[in-house]
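Enquirer: I have a structure here, written as structure tokens, and I will follow up with some questions on it.
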Amino acid sequence: MSGPVFGAFYDVVRRIPAGHVATYGQVARLAGMPRCARLVGYAMASCQDPSVPCHRVVDRFGGTKAAFDTFAPGTQRALLEAEGVPFRPDGTVDLDACLWAPA
């Protein structure tokens, strides 16, 4: 499954500014498809469009995913840290500090 559904997710993710993250569920809600967080995960994992910053999408606990470690383990974390995204001691993103809140 892809096409317009994945495109709606990609449109939301393109709006996430550097230094911020969104959760899979948040992206699904903003795309008008609540309860489709898993589908957002599939969309991010299969995305080949470099204009979509898929690394800015994390799970509801702030966890990163191996699917984004395209170059080496820890790629998603390294990309986020390069944008100034803070991590907690347990290795998850500090959502209190950088969860995207669209206007």
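Each chain in the structure tokens gets a letter, A, B, ..., in the order shown, and its residues are numbered from 1; ligands are numbered from 1 in order too.
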Applying 10 Å and only C-alpha atoms, which residues near Met44 of chain A remain after dropping the ones on its own chain fewer than 6 positions away? List them as a list in words.
Expert: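 Listed by chain and then number, they are Phe6, Phe9, Tyr10, Val13, Tyr24, Arg38, Val52, Pro53, Cys54, His55, Arg56, Val57, Ala67 and Phe68 of chain A.
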Enquirer: Identify which of the residues A:Ala28, A:Leu99, A:Val93, A:Ile16 lies closest to Phe61 of chain A, counting only C-alpha atoms when measuring atom-to-atom distances.
Expert: A:Val93
Enquirer: If you run DSSP on the backbone here, which positions in chain A get strand (DSSP E or B)? Please write them as a ChimeraX atom specification.
Expert: /A:21-23,57-58,87,93,99
Enquirer: Please produce a file of the residues just selected, as a short mmCIF file (atom, residue, chain, number, x, y, z; two decimals), in the first residue's frame, where the atoms kept are N, CA and C atoms.
Expert:
data_model
loop_
_atom_site.label_atom_id
_atom_site.label_comp_id
_atom_site.auth_asym_id
_atom_site.auth_seq_id
_atom_site.Cartn_x
_atom_site.Cartn_y
_atom_site.Cartn_z
N VAL A 21 10.94 16.37 16.66
CA VAL A 21 10.50 15.06 16.23
C VAL A 21 8.98 14.97 16.36
N ALA A 22 8.41 13.99 15.71
CA ALA A 22 7.00 13.66 15.85
C ALA A 22 6.91 12.15 16.06
N THR A 23 5.84 11.71 16.66
CA THR A 23 5.64 10.27 16.83
C THR A 23 4.84 9.72 15.66
N VAL A 57 10.89 10.99 12.82
CA VAL A 57 9.72 10.29 13.34
C VAL A 57 10.21 9.18 14.27
N VAL A 58 9.68 9.19 15.49
CA VAL A 58 10.08 8.22 16.52
C VAL A 58 8.84 7.56 17.11
N PHE A 87 18.70 13.56 23.85
CA PHE A 87 18.36 12.18 24.20
C PHE A 87 18.46 12.01 25.70
N VAL A 93 14.63 9.66 22.72
CA VAL A 93 14.53 11.10 22.52
C VAL A 93 13.78 11.73 23.68
N LEU A 99 9.33 17.55 21.12
CA LEU A 99 8.18 17.07 20.36
C LEU A 99 7.57 18.23 19.58
#
Enquirer: Please indicate the distance in Å from atom CA of Val12 of chain A to atom CA of Ala31 of chain A, rounded to one decimal place.
Expert: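 Going from atom CA of Val12 of chain A over to atom CA of Ala31 of chain A covers 6.5 Å.
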